[in-house]
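Below is run_26.txt, holding compact mmCIF, C-alpha atoms and all ligand atoms.
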```txt
# COMPACT_ATOMS: atom_id res chain seq x y z
CA MET A 485 90.08 84.45 68.25
CA ASN A 486 89.76 81.55 70.66
CA ALA A 487 86.47 82.01 72.52
CA ALA A 488 88.07 80.72 75.71
CA SER A 489 91.13 82.98 75.73
CA PRO A 490 91.32 84.94 78.97
CA ILE A 491 89.86 88.44 79.16
CA TYR A 492 91.79 91.06 81.10
CA LEU A 493 89.64 93.87 82.50
CA ASP A 494 91.89 94.90 85.39
CA ASN A 495 93.92 97.59 83.67
CA ASN A 496 93.78 100.00 86.62
CA ALA A 497 95.85 97.45 88.58
CA THR A 498 98.43 97.03 85.86
CA THR A 499 98.59 96.81 82.09
CA ARG A 500 100.11 94.55 79.49
CA VAL A 501 103.46 95.92 78.30
CA ASP A 502 103.05 96.96 74.67
CA PRO A 503 105.31 94.77 72.48
CA ARG A 504 106.67 97.97 70.88
CA VAL A 505 107.77 99.06 74.36
CA VAL A 506 109.58 95.77 74.90
CA ALA A 507 111.30 96.14 71.53
CA GLU A 508 112.61 99.59 72.54
CA MET A 509 113.85 98.30 75.89
CA LEU A 510 115.80 95.23 74.76
CA PRO A 511 118.83 97.07 73.24
CA LEU A 512 119.35 98.81 76.59
CA PHE A 513 120.26 95.40 78.02
CA THR A 514 122.17 93.98 75.07
CA GLU A 515 123.85 96.94 73.34
CA HIS A 516 123.45 100.26 75.09
CA TRP A 517 124.11 99.06 78.62
CA GLY A 518 126.45 101.90 79.54
CA ASN A 519 126.03 104.13 82.57
CA PRO A 520 124.51 107.40 81.32
CA SER A 521 126.71 109.35 83.74
CA SER A 522 129.87 108.06 82.02
CA LEU A 523 131.61 110.43 79.64
CA HIS A 524 132.70 107.75 77.13
CA ARG A 525 130.71 106.50 74.17
CA PHE A 526 129.05 103.72 76.17
CA GLY A 527 127.62 106.31 78.51
CA GLU A 528 126.68 108.66 75.69
CA ALA A 529 124.65 105.97 73.92
CA ALA A 530 122.56 105.34 77.03
CA GLY A 531 122.36 109.06 77.81
CA GLU A 532 120.96 109.88 74.37
CA ARG A 533 118.14 107.38 74.89
CA LEU A 534 117.41 108.80 78.31
CA ARG A 535 117.09 112.28 76.80
CA ALA A 536 114.68 111.01 74.17
CA ALA A 537 112.53 109.34 76.84
CA ARG A 538 112.38 112.56 78.85
CA GLY A 539 111.06 114.36 75.79
CA GLN A 540 108.41 111.68 75.20
CA VAL A 541 107.13 111.94 78.78
CA ARG A 542 107.17 115.76 78.65
CA ALA A 543 105.08 115.66 75.46
CA LEU A 544 102.45 113.39 77.00
CA LEU A 545 102.10 115.77 79.96
CA GLY A 546 102.08 118.90 77.82
CA ALA A 547 104.85 120.26 80.04
CA ALA A 548 107.04 123.15 78.96
CA GLN A 549 110.50 121.67 79.46
CA ASP A 550 112.17 118.28 79.47
CA SER A 551 114.07 119.24 82.62
CA GLU A 552 110.77 119.28 84.54
CA ILE A 553 110.63 115.46 84.31
CA VAL A 554 112.39 113.44 87.06
CA PHE A 555 112.48 109.68 86.59
CA THR A 556 111.67 107.54 89.64
CA SER A 557 110.87 103.93 90.49
CA GLY A 558 107.12 104.45 90.05
CA GLY A 559 103.99 106.10 91.35
CA THR A 560 104.63 105.35 95.00
CA GLU A 561 108.10 106.92 94.97
CA SER A 562 106.90 109.93 92.99
CA ASN A 563 104.10 110.58 95.48
CA ALA A 564 106.42 110.28 98.48
CA THR A 565 109.07 112.48 96.84
CA ALA A 566 106.58 115.24 96.04
CA ILE A 567 104.99 115.37 99.48
CA LEU A 568 108.22 115.06 101.48
CA SER A 569 109.94 117.63 99.27
CA ALA A 570 107.20 120.18 99.93
CA LEU A 571 107.33 119.54 103.69
CA GLU A 572 111.10 119.94 103.75
CA ALA A 573 110.93 123.10 101.67
CA ALA A 574 108.55 124.78 104.15
CA PRO A 575 109.45 123.48 107.61
CA ARG A 576 107.30 126.03 109.43
CA ARG A 577 104.12 124.98 107.64
CA ARG A 578 102.64 122.11 109.64
CA GLU A 579 99.47 121.21 107.73
CA ILE A 580 98.77 118.93 104.75
CA VAL A 581 95.65 118.79 102.56
CA ILE A 582 94.65 115.53 100.85
CA SER A 583 91.39 113.80 99.90
CA ARG A 584 89.81 110.82 101.61
CA VAL A 585 90.01 108.77 98.44
CA GLU A 586 93.75 109.07 97.71
CA HIS A 587 95.77 106.00 96.80
CA PRO A 588 97.31 104.21 99.83
CA SER A 589 100.75 105.50 98.75
CA VAL A 590 99.55 109.01 99.71
CA LEU A 591 97.12 108.14 102.51
CA SER A 592 99.49 105.90 104.50
CA LEU A 593 102.41 108.29 104.13
CA VAL A 594 100.44 111.32 105.24
CA HIS A 595 98.78 109.52 108.14
CA HIS A 596 102.20 108.27 109.20
CA LEU A 597 103.45 111.87 109.19
CA GLU A 598 100.41 112.87 111.23
CA ARG A 599 101.16 110.24 113.88
CA THR A 600 104.94 110.47 114.02
CA ALA A 601 105.75 114.08 113.09
CA GLY A 602 102.69 115.89 114.38
CA TYR A 603 101.40 117.26 111.08
CA ARG A 604 97.79 118.39 110.98
CA VAL A 605 96.05 116.66 108.08
CA HIS A 606 92.93 117.98 106.37
CA THR A 607 91.31 114.96 104.71
CA ILE A 608 88.72 116.33 102.31
CA GLY A 609 85.64 114.20 101.81
CA VAL A 610 83.60 113.36 98.71
CA ASP A 611 79.87 113.14 98.00
CA ARG A 612 77.84 110.11 96.89
CA LEU A 613 79.14 110.43 93.33
CA GLY A 614 82.73 110.67 94.54
CA ARG A 615 83.01 114.44 93.86
CA LEU A 616 85.37 116.41 96.09
CA ASP A 617 83.85 118.71 98.73
CA LEU A 618 85.07 122.00 97.24
CA ALA A 619 83.92 124.13 100.17
CA ALA A 620 85.86 121.97 102.63
CA TYR A 621 88.90 122.10 100.34
CA GLU A 622 88.79 125.88 100.11
CA ALA A 623 88.32 126.16 103.88
CA ALA A 624 91.39 124.00 104.53
CA LEU A 625 93.74 126.20 102.48
CA SER A 626 95.78 128.61 104.63
CA PRO A 627 99.37 129.84 105.02
CA ASN A 628 99.95 126.92 107.40
CA VAL A 629 99.56 124.36 104.61
CA ALA A 630 102.84 122.99 103.23
CA VAL A 631 101.31 120.98 100.40
CA ALA A 632 97.95 120.08 98.88
CA SER A 633 97.98 116.66 97.21
CA ILE A 634 94.82 115.66 95.34
CA MET A 635 94.70 112.80 92.84
CA TRP A 636 93.73 113.52 89.24
CA ALA A 637 91.59 110.41 88.78
CA ASN A 638 90.53 107.79 91.27
CA ASN A 639 91.85 104.27 90.71
CA GLU A 640 88.75 102.54 92.10
CA THR A 641 85.91 104.52 90.50
CA GLY A 642 87.62 106.48 87.72
CA THR A 643 86.17 109.73 89.07
CA VAL A 644 88.15 112.70 87.71
CA PHE A 645 88.71 115.67 90.02
CA PRO A 646 88.86 119.26 88.65
CA VAL A 647 92.58 119.34 89.35
CA GLU A 648 93.48 122.47 87.39
CA MET A 649 90.91 124.42 89.38
CA LEU A 650 92.08 122.89 92.68
CA ALA A 651 95.67 123.78 91.81
CA GLY A 652 94.61 127.34 91.01
CA MET A 653 92.91 127.65 94.39
CA ALA A 654 96.05 126.38 96.15
CA ARG A 655 98.23 128.80 94.22
CA ARG A 656 96.15 131.77 95.36
CA HIS A 657 97.23 130.78 98.89
CA ALA A 658 100.85 130.19 97.73
CA ILE A 659 100.51 126.48 98.57
CA PRO A 660 102.48 124.00 96.41
CA PHE A 661 100.07 121.63 94.67
CA HIS A 662 100.79 117.99 93.80
CA SER A 663 98.59 115.54 91.94
CA ASP A 664 98.81 111.75 91.86
CA ALA A 665 97.90 111.42 88.18
CA VAL A 666 98.92 107.76 87.84
CA GLN A 667 95.44 106.82 86.57
CA ALA A 668 94.89 109.91 84.46
CA VAL A 669 98.11 110.01 82.42
CA GLY A 670 97.58 108.39 79.04
CA LYS A 671 93.80 108.21 79.50
CA ILE A 672 92.77 111.85 79.37
CA PRO A 673 94.60 114.78 77.75
CA LEU A 674 96.79 116.82 80.10
CA ARG A 675 98.44 120.17 79.56
CA LEU A 676 100.69 121.15 82.44
CA ALA A 677 102.40 124.11 80.77
CA GLY A 678 100.64 127.17 82.08
CA SER A 679 98.62 125.24 84.68
CA ALA A 680 98.99 125.82 88.41
CA VAL A 681 99.98 122.18 89.03
CA ASP A 682 103.43 122.21 90.66
CA MET A 683 104.14 118.47 90.85
CA LEU A 684 102.55 115.42 89.26
CA SER A 685 103.15 111.66 89.61
CA LEU A 686 102.87 109.00 86.92
CA SER A 687 103.76 105.32 86.64
CA GLY A 688 104.93 103.22 83.69
CA HIS A 689 102.98 100.05 84.35
CA LYS A 690 99.58 101.79 84.29
CA LEU A 691 100.09 102.90 80.68
CA HIS A 692 101.42 99.75 78.98
CA GLY A 693 104.98 100.40 80.11
CA PRO A 694 107.17 98.41 82.50
CA LYS A 695 106.76 98.11 86.26
CA GLY A 696 109.20 99.78 88.63
CA VAL A 697 109.60 103.00 86.67
CA GLY A 698 107.71 106.27 86.81
CA ALA A 699 108.21 110.00 86.78
CA LEU A 700 107.60 113.08 88.84
CA TYR A 701 106.88 116.34 87.06
CA VAL A 702 108.41 119.25 88.98
CA ARG A 703 107.48 122.69 87.69
CA ARG A 704 110.52 124.76 86.82
CA GLY A 705 111.43 127.12 89.63
CA LEU A 706 109.67 125.14 92.35
CA GLU A 707 111.78 124.66 95.44
CA PHE A 708 112.64 120.96 95.54
CA GLN A 709 114.28 118.60 98.01
CA PRO A 710 115.32 115.13 96.82
CA LEU A 711 114.21 111.97 98.58
CA PHE A 712 117.44 110.13 97.69
CA ARG A 713 120.76 111.92 98.00
CA GLY A 714 124.00 110.73 96.46
CA GLY A 715 125.05 110.91 92.82
CA HIS A 716 124.05 113.86 90.67
CA GLN A 717 121.63 111.88 88.47
CA GLU A 718 118.43 113.61 87.42
CA ARG A 719 120.10 117.00 88.07
CA GLY A 720 120.53 116.07 91.71
CA ARG A 721 116.84 115.45 92.20
CA ARG A 722 116.99 111.63 92.38
CA ALA A 723 120.28 109.92 93.13
CA GLY A 724 121.00 106.39 91.91
CA THR A 725 122.06 104.99 88.55
CA GLU A 726 119.10 105.34 86.21
CA ASN A 727 116.90 102.36 85.31
CA THR A 728 117.77 103.03 81.68
CA ALA A 729 115.77 100.19 80.09
CA GLY A 730 112.75 101.00 82.24
CA ILE A 731 112.97 104.71 81.45
CA VAL A 732 113.27 104.04 77.72
CA GLY A 733 110.23 101.74 78.02
CA LEU A 734 108.30 104.45 79.87
CA GLY A 735 109.22 106.96 77.15
CA LYS A 736 107.96 104.68 74.39
CA ALA A 737 104.81 103.91 76.38
CA ALA A 738 104.23 107.67 76.76
CA GLU A 739 104.64 108.22 73.02
CA LEU A 740 102.16 105.43 72.24
CA ALA A 741 99.70 106.67 74.87
CA LEU A 742 99.75 110.15 73.33
CA ALA A 743 99.09 108.67 69.88
CA ASN A 744 96.24 106.58 71.36
CA LEU A 745 94.52 109.32 73.39
CA GLY A 746 91.83 109.79 70.77
CA ASP A 747 91.09 106.07 70.68
CA ALA A 748 90.95 105.91 74.49
CA ASN A 749 88.30 108.60 74.55
CA THR A 750 86.20 107.26 71.68
CA ARG A 751 86.54 103.51 71.06
CA VAL A 752 87.52 102.45 74.59
CA ARG A 753 84.89 104.75 76.10
CA ALA A 754 82.23 103.26 73.80
CA LEU A 755 83.21 99.73 74.84
CA ARG A 756 83.10 100.72 78.51
CA ASP A 757 79.64 102.24 78.01
CA ARG A 758 78.45 99.13 76.16
CA LEU A 759 79.63 96.98 79.08
CA GLU A 760 78.13 99.24 81.72
CA GLN A 761 74.78 99.77 80.00
CA GLY A 762 74.55 96.04 79.34
CA ILE A 763 75.19 95.16 82.97
CA LEU A 764 72.68 97.73 84.24
CA ARG A 765 70.09 96.29 81.85
CA LEU A 766 70.77 92.61 82.56
CA VAL A 767 71.51 92.56 86.29
CA PRO A 768 68.93 93.81 88.83
CA ASP A 769 69.92 95.78 91.95
CA CYS A 770 73.23 97.20 90.85
CA PHE A 771 74.45 100.75 90.29
CA VAL A 772 77.49 102.57 88.96
CA ALA A 773 79.86 104.05 91.56
CA GLY A 774 81.52 107.29 90.51
CA ASP A 775 80.78 110.60 88.83
CA PRO A 776 78.91 110.05 85.55
CA GLU A 777 79.91 113.58 84.43
CA ALA A 778 83.65 113.25 85.04
CA ARG A 779 85.01 109.76 84.78
CA LEU A 780 87.97 108.04 83.14
CA PRO A 781 86.90 106.54 79.80
CA ASN A 782 88.15 103.04 80.69
CA THR A 783 86.72 102.47 84.17
CA SER A 784 83.39 101.12 85.35
CA THR A 785 82.84 100.17 88.96
CA LEU A 786 79.50 98.60 89.74
CA ALA A 787 78.11 97.88 93.17
CA PHE A 788 75.97 94.75 93.26
CA GLU A 789 73.58 94.57 96.20
CA PHE A 790 73.21 91.39 98.27
CA VAL A 791 76.31 89.65 96.99
CA GLU A 792 80.03 89.74 97.65
CA GLY A 793 82.23 91.24 94.95
CA GLU A 794 84.97 88.74 95.77
CA ALA A 795 82.58 85.84 95.07
CA ILE A 796 81.68 87.37 91.70
CA LEU A 797 85.37 87.74 90.88
CA LEU A 798 86.15 84.12 91.71
CA MET A 799 83.34 82.89 89.47
CA LEU A 800 84.34 85.26 86.66
CA ASN A 801 87.95 84.11 87.01
CA ARG A 802 86.84 80.51 86.44
CA GLN A 803 85.32 81.66 83.17
CA GLY A 804 88.56 83.38 82.19
CA ILE A 805 87.47 86.92 83.05
CA ALA A 806 89.78 89.05 85.21
CA ALA A 807 88.38 92.08 87.05
CA SER A 808 88.91 93.55 90.51
CA SER A 809 86.91 94.21 93.65
CA GLY A 810 88.47 97.63 94.14
CA SER A 811 92.06 98.37 94.94
CA ALA A 812 94.45 95.44 94.69
CA CYS A 813 96.30 96.82 97.70
CA THR A 814 93.34 96.23 100.01
CA SER A 815 91.87 93.04 98.55
CA GLY A 816 91.92 90.19 101.01
CA SER A 817 91.21 92.56 103.90
CA PRO A 818 87.77 92.35 105.55
CA GLU A 819 87.25 96.14 105.43
CA PRO A 820 85.17 97.58 102.60
CA SER A 821 87.11 99.94 100.33
CA HIS A 822 87.95 103.36 101.81
CA VAL A 823 86.74 104.94 98.58
CA MET A 824 83.29 103.32 98.77
CA THR A 825 83.08 104.20 102.47
CA ALA A 826 84.02 107.83 101.75
CA MET A 827 81.21 107.98 99.16
CA GLY A 828 78.70 106.76 101.72
CA VAL A 829 77.94 103.61 99.74
CA THR A 830 76.00 101.21 102.00
CA PHE A 831 77.93 98.42 103.66
CA THR A 832 76.29 95.66 101.60
CA ALA A 833 76.74 97.45 98.27
CA ALA A 834 80.37 98.31 99.08
CA TYR A 835 81.08 94.60 99.58
CA GLY A 836 79.48 93.94 96.21
CA ALA A 837 81.72 96.32 94.27
CA VAL A 838 83.40 95.04 91.11
CA ARG A 839 85.71 97.18 88.99
CA PHE A 840 86.07 96.60 85.27
CA SER A 841 88.94 98.57 83.73
CA LEU A 842 89.47 98.36 79.98
CA SER A 843 92.43 99.13 77.75
CA ARG A 844 93.25 99.65 74.08
CA TYR A 845 93.50 95.85 73.81
CA THR A 846 89.88 95.32 74.87
CA THR A 847 87.54 94.11 72.11
CA GLU A 848 83.79 94.17 71.61
CA ALA A 849 83.74 90.36 71.61
CA GLU A 850 85.30 90.40 75.08
CA VAL A 851 82.74 92.86 76.39
CA ASP A 852 79.97 90.68 75.02
CA ARG A 853 81.43 87.58 76.67
CA VAL A 854 81.33 89.38 80.02
CA LEU A 855 77.72 90.37 79.37
CA ASP A 856 76.94 86.71 78.67
CA ALA A 857 78.62 85.44 81.83
CA LEU A 858 77.92 88.06 84.49
CA PRO A 859 74.12 87.90 84.96
CA GLY A 860 74.24 84.16 85.69
CA VAL A 861 77.20 84.56 88.03
CA VAL A 862 75.46 87.26 90.08
CA ALA A 863 72.15 85.36 90.19
CA ARG A 864 73.84 82.15 91.36
CA GLN A 865 75.84 83.98 94.01
CA ARG A 866 72.77 85.78 95.24
CA GLY A 867 71.01 82.44 95.53
CA ALA A 868 73.82 81.40 97.88
CA SER A 869 73.97 84.65 99.85
CA PRO A 870 72.29 85.12 103.24
CA TYR A 871 71.87 88.86 102.49
CA TRP A 872 69.84 87.97 99.48
CA ARG A 873 67.44 85.59 101.23
CA GLU A 874 66.85 88.14 103.97
CA GLY A 875 66.66 90.91 101.39
CA ASP A 876 63.68 92.39 99.67
CA THR A 877 61.16 90.06 98.14
CA ALA A 878 61.12 91.67 94.71
CA ALA A 879 64.82 90.98 94.43
CA ARG A 880 64.33 87.40 95.64
CA ALA A 881 61.65 86.73 93.04
CA MET A 882 64.17 87.43 90.30
CA ALA A 883 66.82 85.01 91.58
C1 LIG B 1 99.00 102.21 90.86
C2 LIG B 1 98.83 103.53 91.51
C3 LIG B 1 99.87 104.10 92.28
C4 LIG B 1 101.16 103.37 92.56
O1 LIG B 1 102.00 103.31 91.46
P1 LIG B 1 103.23 102.24 91.49
O2 LIG B 1 104.01 102.55 90.27
O3 LIG B 1 102.58 100.89 91.46
O4 LIG B 1 103.98 102.50 92.75
C5 LIG B 1 99.66 105.35 92.83
N1 LIG B 1 98.50 106.01 92.63
C6 LIG B 1 97.49 105.51 91.90
C7 LIG B 1 96.25 106.31 91.72
C8 LIG B 1 97.61 104.26 91.33
O5 LIG B 1 96.60 103.75 90.62
```

Write-out of the structure in structure tokens:
Amino acid sequence: MNAASPIYLDNNATTRVDPRVVAEMLPLFTEHWGNPSSLHRFGEAAGERLRAARGQVRALLGAAQDSEIVFTSGGTESNATAILSALEAAPRRREIVISRVEHPSVLSLVHHLERTAGYRVHTIGVDRLGRLDLAAYEAALSPNVAVASIMWANNETGTVFPVEMLAGMARRHAIPFHSDAVQAVGKIPLRLAGSAVDMLSLSGHKLHGPKGVGALYVRRGLEFQPLFRGGHQERGRRAGTENTAGIVGLGKAAELALANLGDANTRVRALRDRLEQGILRLVPDCFVAGDPEARLPNTSTLAFEFVEGEAILLMLNRQGIAASSGSACTSGSPEPSHVMTAMGVTFTAAYGAVRFSLSRYTTEAEVDRVLDALPGVVARQRGASPYWREGDTAARAMA
């Protein structure tokens, strides 16, 4: 392989579409372009492929029935649909429970509802390792709560919440439970059948599928209110002609992710650990952000003291290495990440956060190239940083 070919370690932002996914999608444009609602053979051909995709997504989630899968335009729509459906289903319940580290697609929506519709929002905090405050969560659950929405895995740190337990706690209070599992699906095994999870969001482009397509799992029997009304697509749960090519791509991506789950938790995890251990050994004054006991196998977020993460990223980018300084949605803003802030990470370390997120395409040679490049990048940036010169002398001596 060309030593200078670019290295992509930003897979929590989006992933490369698997060529096998593209191959499955193409006939939906060229041959099977019918409307799946049509009763003629053109419609049937598209409809058959839609049915197959629903089964593939159900299998990845370990859900009981294909009909529990509703296709959407992605994670953001799935999250909004789940939360707004629960609120509409229980109009007298005026409280919502979320965590402080949710994705902006949940946080902004819920805070908007708080401001404009008067909902009371319980925003549950996390500790220094990013673990949810279980006592605060339990205390927030009451008959006034319309929905509890807690993410399965955090996009910035990879921290995995004990979602099955959280869902069980909500169920004991008869509160519908939703999880934004966009980062968890395809990375860790899930088994929704028999769990207390009522709704779950996933997105195609985070698991080597196409952008602009996702799904919402809705447990059978749960009262549901659609976000879009109109045609009877998706059994009346999501109106609008289906994105058939996208859905077929998502189905194939789900099938491949299920087949690759073992690899994700062995080979990819080992590469992530090699990267992380190497960085901790080679770069002074940095630490891992997130829960070492419960973390996605592909994610490593490191906080580098006395240096800006953005500066590290720019220098890495020049060497053909792509990573992230946290969530893509907030980069460019002067505020440190809400996740780092929630964890109580110091101001300077939060600014020095860099997220490496691997995929099944990541190789050992790529990890080693990062380990070659990063120590020099950090040292040079620290030499240029005012924090560093004013910082502790031991650190300065190493620059
Ligand atoms: C990417 C992401 C989303 C948004 O999904 P889209 O399909 O891009 O709308 C939601 N939640 C989490 C945790 C994510 O990482």

### Query
Can you list, as a ChimeraX atom specification, every protein, DNA or RNA residue that comes within 12 Å of Ala668 in chain A when you count all atoms listed in the file, leaving out same-chain residues fewer than 5 positions away?
/A:496,544-545,635-639,642-647,663,673-675,684-687,690-691,741,745,748-749,778-783

Residues of chain A that have any atom at most 10 Å from an atom of ligand LIG 1 (chain B): could you tabulate them with the shortest-distance atom pair and the distance in Å to one decimal, using all atoms listed in the file, ordered by chain and increasing number, as JSON lines?
```
{"residue": "A:Asn495", "atom": "CA", "partner": "B:LIG1", "partner_atom": "O5", "distance": 9.7}
{"residue": "A:Asn496", "atom": "CA", "partner": "B:LIG1", "partner_atom": "O5", "distance": 6.2}
{"residue": "A:Ala497", "atom": "CA", "partner": "B:LIG1", "partner_atom": "C1", "distance": 6.1}
{"residue": "A:Thr498", "atom": "CA", "partner": "B:LIG1", "partner_atom": "C1", "distance": 7.2}
{"residue": "A:Thr556", "atom": "CA", "partner": "B:LIG1", "partner_atom": "O2", "distance": 9.2}
{"residue": "A:Ser557", "atom": "CA", "partner": "B:LIG1", "partner_atom": "O2", "distance": 7.0}
{"residue": "A:Gly558", "atom": "CA", "partner": "B:LIG1", "partner_atom": "O2", "distance": 3.7}
{"residue": "A:Gly559", "atom": "CA", "partner": "B:LIG1", "partner_atom": "O1", "distance": 3.4}
{"residue": "A:Thr560", "atom": "CA", "partner": "B:LIG1", "partner_atom": "O4", "distance": 3.7}
{"residue": "A:Glu561", "atom": "CA", "partner": "B:LIG1", "partner_atom": "O4", "distance": 6.4}
{"residue": "A:Ser562", "atom": "CA", "partner": "B:LIG1", "partner_atom": "O4", "distance": 8.0}
{"residue": "A:Asn563", "atom": "CA", "partner": "B:LIG1", "partner_atom": "C5", "distance": 7.4}
{"residue": "A:Ala564", "atom": "CA", "partner": "B:LIG1", "partner_atom": "O4", "distance": 10.0}
{"residue": "A:Val585", "atom": "CA", "partner": "B:LIG1", "partner_atom": "C7", "distance": 9.5}
{"residue": "A:Glu586", "atom": "CA", "partner": "B:LIG1", "partner_atom": "C7", "distance": 7.1}
{"residue": "A:His587", "atom": "CA", "partner": "B:LIG1", "partner_atom": "N1", "distance": 5.0}
{"residue": "A:Pro588", "atom": "CA", "partner": "B:LIG1", "partner_atom": "C5", "distance": 7.5}
{"residue": "A:Ser589", "atom": "CA", "partner": "B:LIG1", "partner_atom": "C5", "distance": 6.0}
{"residue": "A:Val590", "atom": "CA", "partner": "B:LIG1", "partner_atom": "N1", "distance": 7.8}
{"residue": "A:Met635", "atom": "CA", "partner": "B:LIG1", "partner_atom": "C7", "distance": 6.8}
{"residue": "A:Trp636", "atom": "CA", "partner": "B:LIG1", "partner_atom": "C7", "distance": 8.0}
{"residue": "A:Ala637", "atom": "CA", "partner": "B:LIG1", "partner_atom": "C7", "distance": 6.9}
{"residue": "A:Asn638", "atom": "CA", "partner": "B:LIG1", "partner_atom": "C7", "distance": 5.9}
{"residue": "A:Asn639", "atom": "CA", "partner": "B:LIG1", "partner_atom": "O5", "distance": 4.8}
{"residue": "A:Glu640", "atom": "CA", "partner": "B:LIG1", "partner_atom": "O5", "distance": 8.1}
{"residue": "A:Gly642", "atom": "CA", "partner": "B:LIG1", "partner_atom": "C7", "distance": 9.5}
{"residue": "A:Ser663", "atom": "CA", "partner": "B:LIG1", "partner_atom": "C7", "distance": 9.5}
{"residue": "A:Asp664", "atom": "CA", "partner": "B:LIG1", "partner_atom": "N1", "distance": 5.8}
{"residue": "A:Ala665", "atom": "CA", "partner": "B:LIG1", "partner_atom": "C7", "distance": 6.4}
{"residue": "A:Val666", "atom": "CA", "partner": "B:LIG1", "partner_atom": "C6", "distance": 4.9}
{"residue": "A:Gln667", "atom": "CA", "partner": "B:LIG1", "partner_atom": "O5", "distance": 5.2}
{"residue": "A:Ala668", "atom": "CA", "partner": "B:LIG1", "partner_atom": "C7", "distance": 8.2}
{"residue": "A:Ser685", "atom": "CA", "partner": "B:LIG1", "partner_atom": "C5", "distance": 7.9}
{"residue": "A:Leu686", "atom": "CA", "partner": "B:LIG1", "partner_atom": "O1", "distance": 7.3}
{"residue": "A:Ser687", "atom": "CA", "partner": "B:LIG1", "partner_atom": "O2", "distance": 4.6}
{"residue": "A:Gly688", "atom": "CA", "partner": "B:LIG1", "partner_atom": "O2", "distance": 6.7}
{"residue": "A:His689", "atom": "CA", "partner": "B:LIG1", "partner_atom": "O2", "distance": 6.5}
{"residue": "A:Lys690", "atom": "CA", "partner": "B:LIG1", "partner_atom": "C1", "distance": 6.6}
{"residue": "A:Pro694", "atom": "CA", "partner": "B:LIG1", "partner_atom": "O2", "distance": 9.4}
{"residue": "A:Lys695", "atom": "CA", "partner": "B:LIG1", "partner_atom": "O2", "distance": 6.6}
{"residue": "A:Gly696", "atom": "CA", "partner": "B:LIG1", "partner_atom": "O2", "distance": 6.1}
{"residue": "A:Val697", "atom": "CA", "partner": "B:LIG1", "partner_atom": "O2", "distance": 6.7}
{"residue": "A:Gly698", "atom": "CA", "partner": "B:LIG1", "partner_atom": "O2", "distance": 6.3}
{"residue": "A:Ala699", "atom": "CA", "partner": "B:LIG1", "partner_atom": "O2", "distance": 9.2}
{"residue": "A:Ser811", "atom": "CA", "partner": "B:LIG1", "partner_atom": "O5", "distance": 8.3}
{"residue": "A:Ala812", "atom": "CA", "partner": "B:LIG1", "partner_atom": "C1", "distance": 9.0}
{"residue": "A:Cys813", "atom": "CA", "partner": "B:LIG1", "partner_atom": "C1", "distance": 9.1}
```

Could you work out an axis-aligned bounding box for all listed atoms of range 648-658 of chain A, with 6 Å added on each of the six sides, and give its centre and edge lengths in Å to one decimal, as JSON?
```
{"center_x": 95.9, "center_y": 127.1, "center_z": 93.1, "size_x": 21.9, "size_y": 21.3, "size_z": 23.5}
```

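With all atoms listed in the file as the basis for measurement, A:Ile553 is the residue among A:Leu523, A:Ala806, A:Ala787, A:Ile553 that approaches Ala537 in chain A most closely.
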
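For the atom pair formed by CA of Gln761 in chain A and CA of Ser583 in chain A, the distance is 29.5 Å, given to one decimal.
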
### Task
For CA of Gly602 in chain A and CA of Ala573 in chain A, quote the distance in Å rounded to one decimal.
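Going from CA of Gly602 in chain A over to CA of Ala573 in chain A, I get 16.8 Å.
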
### Task
Would you work out the distance separating CA of Gln540 in chain A from CA of Ala677 in chain A, expressed in Å to one decimal?
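Computing the Euclidean distance for CA of Gln540 in chain A and CA of Ala677 in chain A yields 14.9 Å.
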
#### Entry: Residue among A:Ile659, A:Ile805, A:Ala680, A:Thr641 lying closest to Ala837 in chain A, counting only C-alpha atoms
A:Thr641

### Task
Please write as a PyMOL selection string the list of polymer residues whose atoms come within 7 Å of (108.2, 98.4, 75.8), counting only C-alpha atoms and keeping to the coordinates of the file.
chain A and resi 501-509+693-694+733+736-737

Store the residues picked out above in a file with C-alpha atoms, as a compact mmCIF listing (two decimals), in the coordinates of the input.
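Output file out.txt follows:
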```txt
# COMPACT_ATOMS: atom_id res chain seq x y z
CA VAL A 501 103.46 95.92 78.30
CA ASP A 502 103.05 96.96 74.67
CA PRO A 503 105.31 94.77 72.48
CA ARG A 504 106.67 97.97 70.88
CA VAL A 505 107.77 99.06 74.36
CA VAL A 506 109.58 95.77 74.90
CA ALA A 507 111.30 96.14 71.53
CA GLU A 508 112.61 99.59 72.54
CA MET A 509 113.85 98.30 75.89
CA GLY A 693 104.98 100.40 80.11
CA PRO A 694 107.17 98.41 82.50
CA GLY A 733 110.23 101.74 78.02
CA LYS A 736 107.96 104.68 74.39
CA ALA A 737 104.81 103.91 76.38
```

### Message
Here is a test: counting only C-alpha atoms, which residue of A:Thr750, A:Ser626, A:Ser489, A:Thr825 is nearest to Asp611 in chain A?
### Response
A:Thr825
